[in-house]
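Student: If it helps, the file is called coords_14.csv and holds CSV, C-alpha atoms:
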chain,number,residue,atom,x,y,z
M,1,MET,CA,33.7,70.9,8.8
M,2,SER,CA,33.1,72.4,12.2
M,3,LYS,CA,33.0,70.2,15.2
M,4,LYS,CA,30.2,72.3,16.5
M,5,CYS,CA,27.0,70.3,17.2
M,6,SER,CA,24.4,72.3,15.4
M,7,ARG,CA,20.7,71.4,15.8
M,8,ARG,CA,20.4,70.3,12.2
M,9,ASN,CA,23.4,68.0,12.5
M,10,PHE,CA,22.1,66.5,15.7
M,11,ILE,CA,18.7,65.6,14.2
M,12,LYS,CA,20.2,64.3,11.0
M,13,LYS,CA,22.6,62.0,12.8
M,14,SER,CA,20.2,60.6,15.3
M,15,ILE,CA,17.6,59.7,12.7
M,16,ALA,CA,20.2,58.0,10.5
M,17,GLY,CA,21.7,56.2,13.6
M,18,ALA,CA,18.3,54.9,14.7
M,19,VAL,CA,17.5,53.5,11.3
M,20,ALA,CA,20.9,51.9,10.8
M,21,ALA,CA,20.7,50.3,14.2
M,22,GLY,CA,17.1,49.1,14.0
M,23,LEU,CA,17.0,47.5,10.5
M,24,PRO,CA,19.6,44.7,10.7
M,25,LEU,CA,18.0,43.6,14.0
M,26,SER,CA,14.6,43.1,12.4
M,27,ALA,CA,16.2,41.2,9.5
M,28,PHE,CA,17.8,38.6,11.8
M,29,LYS,CA,14.6,37.9,13.7
M,30,LEU,CA,14.1,34.9,11.5
M,31,LEU,CA,16.9,33.0,13.1
M,32,ALA,CA,15.8,33.5,16.7
M,33,PRO,CA,16.8,30.3,18.5
M,34,GLY,CA,13.4,30.2,20.4
M,35,GLU,CA,11.6,29.8,17.2
M,36,ALA,CA,13.8,27.0,16.0
M,37,ARG,CA,13.3,25.2,19.4
M,38,ALA,CA,9.5,25.5,19.2
M,39,ALA,CA,9.5,23.8,15.8
M,40,LEU,CA,11.4,20.8,17.2
M,41,LYS,CA,8.5,19.2,18.9
M,42,GLU,CA,8.4,15.5,18.2
M,43,SER,CA,6.0,14.2,15.6
M,44,ASN,CA,4.6,10.6,15.9
M,45,LEU,CA,4.2,10.4,12.2
M,46,ARG,CA,7.0,9.6,9.7
M,47,TRP,CA,6.1,8.3,6.3
M,48,ALA,CA,8.1,5.4,4.8
M,49,PHE,CA,7.7,3.4,1.6
M,50,LEU,CA,8.2,-0.3,1.0
M,51,VAL,CA,8.9,-1.8,-2.4
M,52,ASP,CA,8.8,-5.5,-3.1
M,53,THR,CA,10.8,-6.1,-6.2
M,54,ARG,CA,9.8,-9.7,-6.4
M,55,LYS,CA,6.1,-8.8,-6.8
M,56,CYS,CA,6.6,-6.1,-9.5
M,57,VAL,CA,5.7,-7.4,-13.0
M,58,GLY,CA,6.6,-4.1,-14.8
M,59,CYS,CA,3.1,-3.2,-15.9
M,60,GLY,CA,3.9,0.5,-15.4
M,61,PHE,CA,0.4,1.4,-14.1
M,62,CYS,CA,2.1,3.2,-11.1
M,63,VAL,CA,4.0,5.5,-13.5
M,64,LYS,CA,0.8,6.2,-15.5
M,65,ALA,CA,-1.2,6.9,-12.3
M,66,CYS,CA,1.6,9.1,-10.9
M,67,LYS,CA,1.9,11.3,-14.0
M,68,LYS,CA,-1.9,11.8,-14.2
M,69,GLU,CA,-2.5,12.3,-10.5
M,70,ASN,CA,0.3,14.9,-10.2
M,71,GLU,CA,-0.1,16.6,-13.5
M,72,VAL,CA,3.4,15.7,-14.8
M,73,PRO,CA,3.2,16.3,-18.6
M,74,TYR,CA,2.4,12.8,-20.0
M,75,ASP,CA,4.4,12.7,-23.2
M,76,VAL,CA,7.5,14.5,-21.9
M,77,PRO,CA,10.3,12.0,-20.7
M,78,VAL,CA,10.3,13.2,-17.1
M,79,THR,CA,8.6,11.4,-14.3
M,80,ARG,CA,8.5,11.4,-10.5
M,81,THR,CA,8.6,7.6,-10.3
M,82,TRP,CA,9.8,5.1,-12.8
M,83,VAL,CA,10.3,1.3,-13.2
M,84,GLU,CA,13.7,-0.1,-14.3
M,85,ARG,CA,14.1,-3.5,-15.9
M,86,TYR,CA,17.3,-5.6,-15.0
M,87,VAL,CA,18.2,-8.6,-17.1
M,88,VAL,CA,21.3,-10.5,-16.0
M,89,THR,CA,22.8,-12.9,-18.7
M,90,ARG,CA,25.2,-15.8,-18.4
M,91,ASP,CA,28.1,-13.7,-19.6
M,92,GLY,CA,27.8,-11.7,-16.4
M,93,ARG,CA,26.4,-8.6,-18.2
M,94,THR,CA,23.5,-6.6,-16.8
M,95,HIS,CA,21.1,-5.1,-19.3
M,96,ILE,CA,19.0,-2.2,-17.9
M,97,ASP,CA,16.3,-0.2,-19.5
M,98,SER,CA,13.3,2.0,-18.6
M,99,PRO,CA,11.6,3.2,-21.8
M,100,MET,CA,9.6,6.4,-20.9
M,101,GLY,CA,10.2,5.5,-17.3
M,102,GLY,CA,8.1,2.3,-17.8
M,103,ARG,CA,5.0,4.4,-18.3
M,104,ASP,CA,3.6,1.9,-20.9
M,105,GLY,CA,5.0,-1.2,-19.3
M,106,PHE,CA,7.5,-3.6,-20.8
M,107,THR,CA,5.9,-5.3,-23.8
M,108,TYR,CA,9.0,-6.7,-25.6
M,109,LYS,CA,12.0,-8.8,-24.7
M,110,ARG,CA,14.2,-6.5,-26.7
M,111,ILE,CA,16.4,-4.2,-24.5
M,112,ARG,CA,18.1,-1.2,-26.0
M,113,GLU,CA,17.8,-2.7,-29.6
M,114,GLU,CA,19.4,-5.9,-28.4
M,115,GLU,CA,17.6,-9.3,-28.6
M,116,ILE,CA,18.4,-11.5,-25.6
M,117,PRO,CA,17.5,-15.2,-25.9
M,118,ASP,CA,15.6,-16.6,-22.9
M,119,SER,CA,18.2,-19.3,-22.5
M,120,GLU,CA,20.9,-16.7,-21.8
M,121,ILE,CA,19.0,-15.1,-18.9
M,122,THR,CA,20.0,-16.1,-15.4
M,123,LYS,CA,17.8,-13.7,-13.5
M,124,ALA,CA,15.6,-10.7,-14.4
M,125,PHE,CA,13.4,-8.4,-12.4
M,126,PHE,CA,11.8,-5.0,-12.2
M,127,VAL,CA,12.7,-2.2,-9.7
M,128,PRO,CA,10.3,0.7,-9.1
M,129,LYS,CA,12.1,3.9,-8.0
M,130,LEU,CA,10.8,7.1,-6.4
M,131,CYS,CA,12.0,9.8,-4.0
M,132,ASN,CA,13.6,8.3,-0.9
M,133,GLN,CA,12.3,11.1,1.3
M,134,CYS,CA,15.7,11.0,3.1
M,135,GLN,CA,16.0,11.9,6.7
M,136,ASN,CA,19.1,14.0,5.7
M,137,PRO,CA,18.1,15.2,2.3
M,138,ALA,CA,21.1,16.6,0.3
M,139,CYS,CA,18.7,18.4,-2.0
M,140,VAL,CA,17.3,20.5,0.8
M,141,GLN,CA,20.8,21.4,2.2
M,142,VAL,CA,21.9,23.0,-1.1
M,143,CYS,CA,18.8,25.1,-1.8
M,144,PRO,CA,19.9,28.7,-1.6
M,145,VAL,CA,16.5,30.3,-1.1
M,146,GLY,CA,14.5,28.0,1.3
M,147,ALA,CA,12.2,26.8,-1.5
M,148,THR,CA,12.6,23.1,-0.6
M,149,TYR,CA,12.2,21.6,2.8
M,150,GLN,CA,11.3,18.6,5.0
M,151,THR,CA,7.9,18.5,6.6
M,152,THR,CA,7.6,17.2,10.2
M,153,ASP,CA,6.2,13.9,8.9
M,154,GLY,CA,9.3,13.4,6.8
M,155,VAL,CA,8.3,14.4,3.3
M,156,VAL,CA,10.5,16.7,1.2
M,157,LEU,CA,8.4,19.3,-0.7
M,158,VAL,CA,9.2,22.1,-3.2
M,159,ASP,CA,7.6,25.5,-2.9
M,160,ARG,CA,6.7,26.4,-6.5
M,161,THR,CA,6.2,30.0,-5.7
M,162,TRP,CA,9.6,30.4,-4.1
M,163,CYS,CA,11.8,28.1,-6.3
M,164,ILE,CA,14.1,30.1,-8.6
M,165,GLY,CA,14.9,27.1,-10.8
M,166,CYS,CA,18.7,27.1,-10.2
M,167,GLY,CA,18.9,23.3,-10.4
M,168,TYR,CA,21.3,22.8,-7.5
M,169,CYS,CA,18.9,20.3,-5.9
M,170,ILE,CA,18.6,18.3,-9.1
M,171,MET,CA,22.3,17.8,-9.1
M,172,ALA,CA,22.6,17.2,-5.4
M,173,CYS,CA,20.2,14.3,-5.3
M,174,PRO,CA,22.2,11.0,-5.3
M,175,TYR,CA,19.1,9.1,-6.6
M,176,GLY,CA,18.4,11.4,-9.6
M,177,VAL,CA,14.7,11.7,-8.6
M,178,ARG,CA,14.5,15.5,-9.2
M,179,PHE,CA,13.9,17.1,-12.5
M,180,PHE,CA,12.9,20.4,-14.0
M,181,HIS,CA,9.1,20.8,-14.4
M,182,PRO,CA,8.5,21.8,-18.0
M,183,VAL,CA,5.4,23.8,-17.3
M,184,HIS,CA,6.0,25.4,-13.9
M,185,LYS,CA,9.7,25.9,-14.6
M,186,VAL,CA,10.7,24.9,-11.1
M,187,ALA,CA,12.3,21.9,-9.5
M,188,GLU,CA,9.9,18.9,-9.3
M,189,LYS,CA,9.9,15.7,-7.3
M,190,CYS,CA,7.8,13.0,-5.8
M,191,THR,CA,5.7,14.3,-2.8
M,192,PHE,CA,4.5,10.8,-1.6
M,193,CYS,CA,1.2,12.3,-2.9
M,194,TYR,CA,1.1,14.6,0.0
M,195,HIS,CA,-2.4,15.7,-0.9
M,196,ARG,CA,-3.6,12.1,-0.7
M,197,ILE,CA,-1.7,10.7,2.4
M,198,THR,CA,-2.8,13.7,4.5
M,199,LYS,CA,-6.4,12.9,3.6
M,200,GLY,CA,-6.1,9.2,4.7
M,201,LEU,CA,-5.7,7.9,1.2
M,202,LYS,CA,-2.7,5.9,-0.2
M,203,THR,CA,-0.4,7.4,-2.8
M,204,ALA,CA,-1.7,7.1,-6.5
M,205,CYS,CA,1.1,4.6,-7.3
M,206,VAL,CA,0.3,2.4,-4.3
M,207,ASP,CA,-3.4,2.3,-5.2
M,208,ALA,CA,-2.6,1.6,-8.8
M,209,CYS,CA,-0.3,-1.3,-8.2
M,210,PRO,CA,-2.3,-4.5,-8.8
M,211,PHE,CA,0.2,-6.8,-7.1
M,212,GLY,CA,1.0,-5.0,-3.8
M,213,ALA,CA,4.6,-4.3,-4.8
M,214,ARG,CA,4.3,-0.8,-3.5
M,215,ARG,CA,3.2,0.1,0.1
M,216,ILE,CA,3.3,3.2,2.3
M,217,GLY,CA,3.1,3.4,6.0
M,218,ASN,CA,4.0,5.3,9.2
M,219,ILE,CA,7.4,4.0,10.5
M,220,LYS,CA,6.8,5.5,14.0
M,221,ASP,CA,3.7,3.2,14.4
M,222,GLU,CA,4.9,-0.3,15.4
M,223,ASN,CA,1.4,-1.7,14.6
M,224,ASP,CA,1.5,-0.5,11.0
M,225,PRO,CA,1.8,-3.5,8.7
M,226,VAL,CA,4.5,-1.8,6.6
M,227,THR,CA,6.5,-0.9,9.7
M,228,LYS,CA,6.2,-4.5,10.9
M,229,THR,CA,7.6,-5.8,7.6
M,230,ILE,CA,10.5,-3.3,7.7
M,231,LEU,CA,11.3,-4.3,11.3
M,232,THR,CA,11.0,-8.1,10.9
M,233,GLU,CA,12.2,-8.8,7.3
M,234,ARG,CA,15.5,-8.3,5.5
M,235,VAL,CA,15.1,-4.9,3.8
M,236,ALA,CA,17.7,-2.8,2.0
M,237,VAL,CA,17.9,0.8,1.0
M,238,LEU,CA,19.6,2.4,-2.0
M,239,LYS,CA,23.1,4.1,-1.7
M,240,ASP,CA,23.2,3.7,2.1
M,241,GLU,CA,26.8,4.9,2.0
M,242,TYR,CA,25.8,8.4,1.2
M,243,GLY,CA,24.4,8.9,4.8
M,244,THR,CA,21.2,10.4,3.5
M,245,LYS,CA,19.1,7.9,5.5
M,246,PRO,CA,16.6,7.1,2.7
M,247,HIS,CA,13.1,6.0,3.8
M,248,VAL,CA,12.2,3.9,0.8
M,249,PHE,CA,12.9,0.2,1.7
M,250,TYR,CA,13.3,-2.6,-0.7
M,251,LEU,CA,12.5,-6.3,-0.4
M,252,GLY,CA,14.5,-8.6,-2.6
M,253,LEU,CA,17.0,-6.0,-3.8
M,254,ASP,CA,19.8,-7.2,-6.0
M,255,GLU,CA,23.4,-5.9,-5.6
M,256,ARG,CA,23.3,-4.7,-9.3
M,257,VAL,CA,20.6,-2.1,-8.4
M,258,ARG,CA,22.2,1.2,-7.7
X,1,MET,CA,35.2,62.9,10.5
X,2,LYS,CA,35.9,64.0,7.0
X,3,ASN,CA,33.1,64.5,4.6
X,4,HIS,CA,34.6,62.3,1.9
X,5,ILE,CA,34.5,59.4,4.3
X,6,LEU,CA,31.1,60.1,5.8
X,7,ARG,CA,29.2,60.5,2.5
X,8,PRO,CA,30.0,57.1,1.0
X,9,LEU,CA,29.2,55.6,4.4
X,10,TRP,CA,25.7,57.2,4.4
X,11,VAL,CA,25.2,55.9,0.9
X,12,ALA,CA,26.2,52.4,2.0
X,13,ILE,CA,23.9,52.5,5.0
X,14,LEU,CA,21.0,53.7,2.9
X,15,LEU,CA,21.6,51.0,0.3
X,16,VAL,CA,21.6,48.2,2.9
X,17,SER,CA,18.6,49.7,4.6
X,18,ALA,CA,16.7,49.8,1.3
X,19,ILE,CA,17.5,46.2,0.6
X,20,LEU,CA,16.5,45.1,4.1
X,21,ILE,CA,13.2,47.0,3.8
X,22,ALA,CA,12.5,45.5,0.4
X,23,ARG,CA,13.2,42.1,1.8
X,24,GLY,CA,10.9,42.7,4.8
X,25,LEU,CA,8.1,43.6,2.4
X,26,TYR,CA,8.7,40.8,-0.1
X,27,VAL,CA,9.3,37.8,2.2
X,28,PRO,CA,5.9,36.5,3.6
X,29,ASP,CA,5.3,36.6,7.3
X,30,ASP,CA,5.1,32.8,7.6
X,31,PHE,CA,8.7,32.4,6.3
X,32,GLY,CA,11.0,30.9,8.9
X,33,VAL,CA,12.3,27.8,10.6
X,34,ASN,CA,9.2,25.6,10.6
X,35,GLY,CA,10.6,22.1,10.7
X,36,ARG,CA,13.5,20.2,12.4
X,37,ASN,CA,16.1,22.9,12.1
X,38,PHE,CA,17.3,25.7,9.9
X,39,THR,CA,19.0,23.3,7.4
X,40,TYR,CA,15.9,21.3,6.7
X,41,GLY,CA,13.0,23.4,7.8
X,42,PHE,CA,13.7,26.9,6.6
X,43,HIS,CA,10.7,27.7,4.3
X,44,ARG,CA,7.3,29.3,3.8
X,45,LYS,CA,4.9,27.5,6.1
X,46,GLY,CA,1.8,28.1,3.9
X,47,ASN,CA,3.3,25.9,1.2
X,48,ILE,CA,2.4,22.8,3.2
X,49,GLU,CA,-1.3,23.8,2.9
X,50,ASP,CA,-0.8,24.6,-0.8
X,51,TRP,CA,0.3,21.0,-1.4
X,52,LYS,CA,-2.5,19.5,0.7
X,53,ALA,CA,-5.0,21.4,-1.4
X,54,PHE,CA,-3.8,19.8,-4.6
X,55,PRO,CA,-6.8,18.0,-6.3
X,56,VAL,CA,-7.1,14.2,-5.8
X,57,LYS,CA,-7.9,12.6,-9.2
X,58,TYR,CA,-8.0,8.8,-8.7
X,59,ARG,CA,-11.2,7.9,-6.8
X,60,GLY,CA,-10.8,4.2,-6.4
X,61,ARG,CA,-13.0,1.2,-7.4
X,62,ASP,CA,-15.7,1.7,-4.7
X,63,TYR,CA,-16.7,5.0,-6.3
X,64,CYS,CA,-17.5,3.2,-9.6
X,65,LYS,CA,-19.7,0.7,-7.9
X,66,GLU,CA,-22.5,3.2,-7.3
X,67,CYS,CA,-23.2,3.5,-11.1
X,68,HIS,CA,-21.4,0.6,-12.9
X,69,GLU,CA,-22.6,-2.2,-10.7
X,70,ASP,CA,-22.4,-4.8,-13.5
X,71,ASN,CA,-18.8,-4.0,-14.4
X,72,TYR,CA,-17.9,-3.8,-10.8
X,73,SER,CA,-19.2,-7.2,-9.9
X,74,SER,CA,-17.8,-8.9,-13.0
X,75,VAL,CA,-14.3,-7.5,-12.4
X,76,SER,CA,-14.4,-8.3,-8.7
X,77,ASP,CA,-15.2,-12.0,-9.3
X,78,SER,CA,-12.6,-12.4,-12.1
X,79,ALA,CA,-8.9,-13.0,-12.5
X,80,HIS,CA,-8.6,-9.3,-13.0
X,81,ALA,CA,-10.0,-8.4,-9.6
X,82,VAL,CA,-6.6,-7.0,-8.6
X,83,ILE,CA,-6.6,-4.4,-11.3
X,84,GLN,CA,-8.2,-1.0,-10.5
X,85,CYS,CA,-10.8,0.3,-13.0
X,86,GLU,CA,-9.0,3.6,-13.3
X,87,ASN,CA,-5.8,1.8,-14.4
X,88,CYS,CA,-7.5,1.0,-17.6
X,89,HIS,CA,-10.0,3.9,-17.8
X,90,GLY,CA,-8.0,6.8,-16.5
X,91,PRO,CA,-8.6,9.0,-13.4
X,92,ALA,CA,-12.3,9.6,-12.5
X,93,LEU,CA,-12.0,13.2,-11.2
X,94,GLY,CA,-15.2,15.0,-12.4
X,95,HIS,CA,-16.7,11.9,-14.0
X,96,PRO,CA,-19.6,11.5,-15.0
X,97,ASP,CA,-20.2,15.3,-15.2
X,98,ASN,CA,-17.0,16.3,-16.9
X,99,PRO,CA,-15.7,14.2,-18.5
X,100,GLU,CA,-19.0,12.5,-19.2
X,101,ALA,CA,-17.4,9.3,-20.3
X,102,LEU,CA,-14.0,7.9,-19.3
X,103,GLU,CA,-11.5,6.7,-21.8
X,104,ILE,CA,-12.0,3.3,-23.3
X,105,ASP,CA,-8.6,2.0,-24.4
X,106,ARG,CA,-9.0,-1.0,-26.7
X,107,SER,CA,-5.4,-1.1,-27.7
X,108,ARG,CA,-3.4,-4.3,-27.4
X,109,GLY,CA,-0.7,-2.3,-25.5
X,110,LEU,CA,-3.0,-2.1,-22.5
X,111,CYS,CA,-3.1,-5.8,-22.1
X,112,LEU,CA,0.4,-6.5,-23.1
X,113,ARG,CA,1.6,-4.5,-20.1
X,114,CYS,CA,1.1,-7.7,-18.2
X,115,HIS,CA,0.6,-10.5,-20.8
X,116,ALA,CA,3.5,-10.0,-23.2
X,117,ASP,CA,5.7,-13.0,-22.6
X,118,LEU,CA,8.7,-12.2,-20.4
X,119,PRO,CA,9.6,-15.5,-18.7
X,120,TYR,CA,11.8,-13.9,-16.1
X,121,PRO,CA,13.1,-16.2,-13.3
X,122,GLY,CA,12.8,-14.6,-9.9
X,123,SER,CA,10.1,-12.1,-10.9
X,124,GLN,CA,6.3,-12.6,-10.6
X,125,ARG,CA,6.1,-11.5,-14.2
X,126,GLY,CA,7.2,-15.0,-15.3
X,127,ASP,CA,4.1,-16.5,-13.5
X,128,LEU,CA,1.4,-14.5,-15.4
X,129,PRO,CA,-0.5,-16.1,-18.3
X,130,ALA,CA,1.6,-15.0,-21.3
X,131,ILE,CA,1.3,-14.7,-25.0
X,132,ASN,CA,3.7,-13.7,-27.7
X,133,PRO,CA,2.3,-10.4,-29.1
X,134,ASP,CA,3.7,-11.1,-32.6
X,135,GLU,CA,2.0,-14.6,-32.8
X,136,HIS,CA,-1.2,-14.4,-30.7
X,137,ASN,CA,-3.7,-13.0,-33.2
X,138,PRO,CA,-1.7,-9.9,-34.2
X,139,ASP,CA,-3.5,-6.7,-35.3
X,140,THR,CA,-6.8,-7.8,-33.6
X,141,PRO,CA,-7.8,-5.9,-30.4
X,142,CYS,CA,-7.7,-8.3,-27.4
X,143,ALA,CA,-11.1,-7.2,-26.3
X,144,ASP,CA,-12.6,-8.7,-29.5
X,145,CYS,CA,-12.0,-12.2,-28.1
X,146,HIS,CA,-11.4,-11.7,-24.4
X,147,ASN,CA,-13.7,-9.9,-22.0
X,148,PRO,CA,-11.4,-7.4,-20.2
X,149,HIS,CA,-13.6,-7.3,-17.1
X,150,ASN,CA,-13.8,-11.1,-16.9
X,151,PRO,CA,-11.0,-12.7,-18.9
X,152,GLU,CA,-12.2,-16.2,-18.3
X,153,GLN,CA,-15.0,-15.3,-20.7
X,154,GLU,CA,-15.0,-14.4,-24.3
X,155,GLY,CA,-15.3,-10.7,-25.1
Kindly return the structure encoded in the file as structure tokens.
Tutor:
Amino acid sequence: MSKKCSRRNFIKKSIAGAVAAGLPLSAFKLLAPGEARAALKESNLRWAFLVDTRKCVGCGFCVKACKKENEVPYDVPVTRTWVERYVVTRDGRTHIDSPMGGRDGFTYKRIREEEIPDSEITKAFFVPKLCNQCQNPACVQVCPVGATYQTTDGVVLVDRTWCIGCGYCIMACPYGVRFFHPVHKVAEKCTFCYHRITKGLKTACVDACPFGARRIGNIKDENDPVTKTILTERVAVLKDEYGTKPHVFYLGLDERVR
Amino acid sequence: MKNHILRPLWVAILLVSAILIARGLYVPDDFGVNGRNFTYGFHRKGNIEDWKAFPVKYRGRDYCKECHEDNYSSVSDSAHAVIQCENCHGPALGHPDNPEALEIDRSRGLCLRCHADLPYPGSQRGDLPAINPDEHNPDTPCADCHNPHNPEQEG
């Protein structure tokens, strides 16, 4: 090849050079630091949930309402929220069950085919569970495509058009609240009924609970009754040691609940 | 430079450019860092609106009052005042146009959710009026004898 700079060579090289130099720059525009900083503006709204395990009677209306409100297939054993029954007996054993997530309530004393006489029970209670809407959600960290994210008011959502169904988030969640949606074929999770709370309504499960065992509020508002309870009473969270900073608080939580 | 080095280099540059152009066309404009930081806020912004637009199905008891005044007042004054109508009758989205009538669940299971005897110490369940489902008039719907809207009365 001659070292001579012919007109044809010059034009060819300069076009290619311009394209090669320009393209990568446009691709990295997404990560511009200015953009990230603009998004950081403080929000004075942060949703939090309060569960009173002493009030729950295990009727399961919350699970029924959640599945119908959020179009989670009713007869498939997946659910965004569920109720667990804990029965502790004199021999120190803990019997736990949650048939169909507690969708139809708990109508029998039998637990996993085992009859437990009343006289053997030392304590027993129901624990409703749902997404903890963590401040540091592990499920969001592992998403390879940016399909799941945290809103500025603290709710973790899944973009159904963007999720590729890889299942990393389902495995990353320490609380096991995520599952694969059998119809949409994407990751699915509790949204705190985002379509309801952003319209001033309560979540479907909160409205359905006859006994006030479930409540939702804004933890950045000190006058919110839920926030007041969280600030003044002894509340606990699940799996604190994971550092995910869960925002579902429990009253009357037992050490056996994991 | 030698041709056998330049040619593959051009191919590589072309390939990368093609991928980047395709990505630019495919990824929506509102995709970016929209939340706290890249780790937690990297997403398509429009999805928040998608979720807000999801239809609300449970209307709440005050909605029923407009048309079912009788049931509303009898439930409100009864021991069942704490129970939402839609817990027993299903979500009222579209009612009374479509569906014209809501579900009427006369199964015993509906009532046993709360009244099946589970005398659990430390749980409010133990304080509810309770019956043993196998002994309390089995096989007969509860609503035959109890008024679900006003359980102090006969059905």
Student: Let me make sure I understand: among M:Val51, M:Cys173, M:Ala208, M:Val76, which one has the smallest atom-to-atom distance to chain X if we use all atoms listed in the file?
Tutor: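 Distance minimum relative to chain X lands on M:Ala208.
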Student: Counting only C-alpha atoms, what is within 6 Å of stretch 36-49 of chain X, bar same-chain residues fewer than 2 positions away, as a PyMOL selection string?
Tutor: (chain M and resi 40+141+146+149-150+159) or (chain X and resi 30-34+51-52)
Student: Within 9 Å of (8.2, -8.1, -23.8), in the coordinates the file gives, what residues turn up when you count all atoms listed in the file, written out as a PyMOL selection string?
Tutor: (chain M and resi 105-110) or (chain X and resi 112-113+115-118+132-133)
Student: Give me, as a PyMOL selection string, all polymer residues having an atom no more than 10 Å from X:Glu103, counting all atoms listed in the file and skipping those fewer than 5 positions away in the same chain.
Tutor: chain X and resi 86+88-92
Student: Which one is closest to M:Thr122: X:Leu110, X:Ser17, X:Leu102, X:Pro121? Count all atoms listed in the file.
Tutor: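 Residue with the minimum atom-to-atom distance to M:Thr122: X:Pro121.
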Student: Using only C-alpha atoms, which of the listed residues (X:Ser76, X:Gln153, X:Ser123, X:Asn71) sits closest to chain M?
Tutor: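 Once distances to chain M are computed over only C-alpha atoms, the minimum belongs to X:Ser123.
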